[in-house]
Amino acid sequence: MATDKQAGSPSPPGGTEAARDAAFVEMHRDPRFTELKRRLYVFVFPMSLAFLAWYLLYVLMSAFARDLMGTVLFGTVNVALVFGVLQFVTTFGIAVLYTTYARGRLDGLATQLREELPAVTEEVGR
């Protein structure tokens, strides 16, 4: 049975764990933290749904549109192969888009919030 705290390890002196918990609860109430979560969700949910729809289109077409997917475009390359390669291209494209989005819309606010947490959070994390 795994626990967050190993048996026999002493608690940090001075109640810093309780202070850390209070600091995190207070941070969750901060409107800037709510804005940070909103910004994250604005990117993640639509992009996840779009990629899932794109992937399901590929699966459904492979199952029910075999003639179309088997259409040879040139040499031994057919539509199914192009769709498969585009799945990988899309994955890397989303990663690049997210990196750009996070740098511009998330990282600054996240850093600001993290720096405002009391020093007690660093002491307990060690």
# chains A, B, ... in the order shown; residues from 1 in each chain; ligands from 1

$ closest_atom_pairs --of "range 41-80 of chain A" --to "range 103-120 of chain A" --cutoff "12 Å" --atoms "only C-alpha atoms" --output "CSV"
residue,atom,partner,partner_atom,distance
A:Tyr41,CA,A:Leu106,CA,10.9
A:Val42,CA,A:Arg105,CA,10.7
A:Phe43,CA,A:Arg105,CA,10.1

$ write_last_selection --atoms "C-alpha atoms" --output "PDB file, in the first residue's frame"
ATOM      1  CA  TYR A  41      -8.611  24.841 -21.491  1.00  0.00           C
ATOM      2  CA  VAL A  42      -9.239  27.214 -24.408  1.00  0.00           C
ATOM      3  CA  PHE A  43      -6.396  25.511 -26.249  1.00  0.00           C
TER       4      PHE A  43
END

$ residues_around --residues "range 56-64 of chain A" --least-positions-apart "3" --cutoff "8 Å" --atoms "only C-alpha atoms" --output "JSON, numbers by chain"
{"A": [52, 53, 68, 69, 80, 83, 84]}

$ write_last_selection --atoms "all heavy atoms" --output "PDB file, in the first residue's frame"
ATOM      1  N   LEU A  52      -9.084  14.248 -32.206  1.00  0.00           N
ATOM      2  CA  LEU A  52      -9.854  13.017 -32.062  1.00  0.00           C
ATOM      3  C   LEU A  52     -10.781  12.813 -33.265  1.00  0.00           C
ATOM      4  O   LEU A  52     -10.887  11.699 -33.796  1.00  0.00           O
ATOM      5  CB  LEU A  52     -10.659  13.036 -30.766  1.00  0.00           C
ATOM      6  CG  LEU A  52     -11.451  11.770 -30.454  1.00  0.00           C
ATOM      7  CD1 LEU A  52     -10.531  10.567 -30.314  1.00  0.00           C
ATOM      8  CD2 LEU A  52     -12.254  11.965 -29.172  1.00  0.00           C
ATOM      9  N   ALA A  53     -11.436  13.870 -33.719  1.00  0.00           N
ATOM     10  CA  ALA A  53     -12.298  13.777 -34.902  1.00  0.00           C
ATOM     11  C   ALA A  53     -11.487  13.393 -36.137  1.00  0.00           C
ATOM     12  O   ALA A  53     -11.912  12.549 -36.940  1.00  0.00           O
ATOM     13  CB  ALA A  53     -13.020  15.102 -35.127  1.00  0.00           C
ATOM     14  N   LEU A  68     -11.875   4.033 -51.480  1.00  0.00           N
ATOM     15  CA  LEU A  68     -11.283   5.367 -51.505  1.00  0.00           C
ATOM     16  C   LEU A  68      -9.889   5.339 -50.873  1.00  0.00           C
ATOM     17  O   LEU A  68      -8.942   5.911 -51.423  1.00  0.00           O
ATOM     18  CB  LEU A  68     -12.164   6.370 -50.757  1.00  0.00           C
ATOM     19  CG  LEU A  68     -11.587   7.779 -50.626  1.00  0.00           C
ATOM     20  CD1 LEU A  68     -11.451   8.442 -51.992  1.00  0.00           C
ATOM     21  CD2 LEU A  68     -12.436   8.620 -49.706  1.00  0.00           C
ATOM     22  N   MET A  69      -9.753   4.693 -49.745  1.00  0.00           N
ATOM     23  CA  MET A  69      -8.452   4.642 -49.063  1.00  0.00           C
ATOM     24  C   MET A  69      -7.421   3.866 -49.875  1.00  0.00           C
ATOM     25  O   MET A  69      -6.226   4.108 -49.747  1.00  0.00           O
ATOM     26  CB  MET A  69      -8.602   4.022 -47.669  1.00  0.00           C
ATOM     27  CG  MET A  69      -9.440   4.859 -46.719  1.00  0.00           C
ATOM     28  SD  MET A  69      -8.738   6.459 -46.354  1.00  0.00           S
ATOM     29  CE  MET A  69      -7.730   6.049 -44.962  1.00  0.00           C
ATOM     30  N   ALA A  80      -4.666   5.972 -48.042  1.00  0.00           N
ATOM     31  CA  ALA A  80      -4.524   5.513 -46.653  1.00  0.00           C
ATOM     32  C   ALA A  80      -3.136   5.836 -46.106  1.00  0.00           C
ATOM     33  O   ALA A  80      -3.003   6.277 -44.957  1.00  0.00           O
ATOM     34  CB  ALA A  80      -4.787   4.016 -46.555  1.00  0.00           C
ATOM     35  N   PHE A  83      -3.001   9.542 -45.380  1.00  0.00           N
ATOM     36  CA  PHE A  83      -3.735   9.816 -44.148  1.00  0.00           C
ATOM     37  C   PHE A  83      -2.900   9.435 -42.928  1.00  0.00           C
ATOM     38  O   PHE A  83      -2.850  10.181 -41.942  1.00  0.00           O
ATOM     39  CB  PHE A  83      -5.057   9.035 -44.123  1.00  0.00           C
ATOM     40  CG  PHE A  83      -6.261   9.826 -44.533  1.00  0.00           C
ATOM     41  CD1 PHE A  83      -6.385  10.301 -45.823  1.00  0.00           C
ATOM     42  CD2 PHE A  83      -7.281  10.074 -43.633  1.00  0.00           C
ATOM     43  CE1 PHE A  83      -7.504  11.014 -46.212  1.00  0.00           C
ATOM     44  CE2 PHE A  83      -8.403  10.781 -44.001  1.00  0.00           C
ATOM     45  CZ  PHE A  83      -8.512  11.259 -45.299  1.00  0.00           C
ATOM     46  N   GLY A  84      -2.267   8.288 -42.964  1.00  0.00           N
ATOM     47  CA  GLY A  84      -1.457   7.829 -41.844  1.00  0.00           C
ATOM     48  C   GLY A  84      -0.285   8.756 -41.561  1.00  0.00           C
ATOM     49  O   GLY A  84      -0.013   9.100 -40.406  1.00  0.00           O
TER      50      GLY A  84
END

$ closest_residue --among "A:Arg29, A:Leu86, A:Ala23, A:Tyr98" --to "Phe45 in chain A" --atoms "only C-alpha atoms"
A:Tyr98

$ atom_distance --atom1 "CA of Thr34 in chain A" --atom2 "CA of Arg20 in chain A"
19.2 Å

$ closest_residue --among "A:Val72, A:Met47, A:Ala22, A:Ala65" --to "Ile94 in chain A" --atoms "only C-alpha atoms"
A:Met47

$ select_by_dssp --residues "chain A" --states "helix (DSSP H, G or I)" --output "NGL selection string"
:A and (13-29 or 31-64 or 66-69 or 79-116 or 120-125)

$ atom_distance --atom1 "CA of Gly70 in chain A" --atom2 "CA of Phe51 in chain A"
22.7 Å

$ closest_residue --among "A:Thr16, A:Leu40, A:Val85, A:Asp67" --to "Ala102 in chain A" --atoms "only C-alpha atoms"
A:Leu40

$ atom_distance --atom1 "CA of Thr71 in chain A" --atom2 "CA of Thr91 in chain A"
24.3 Å
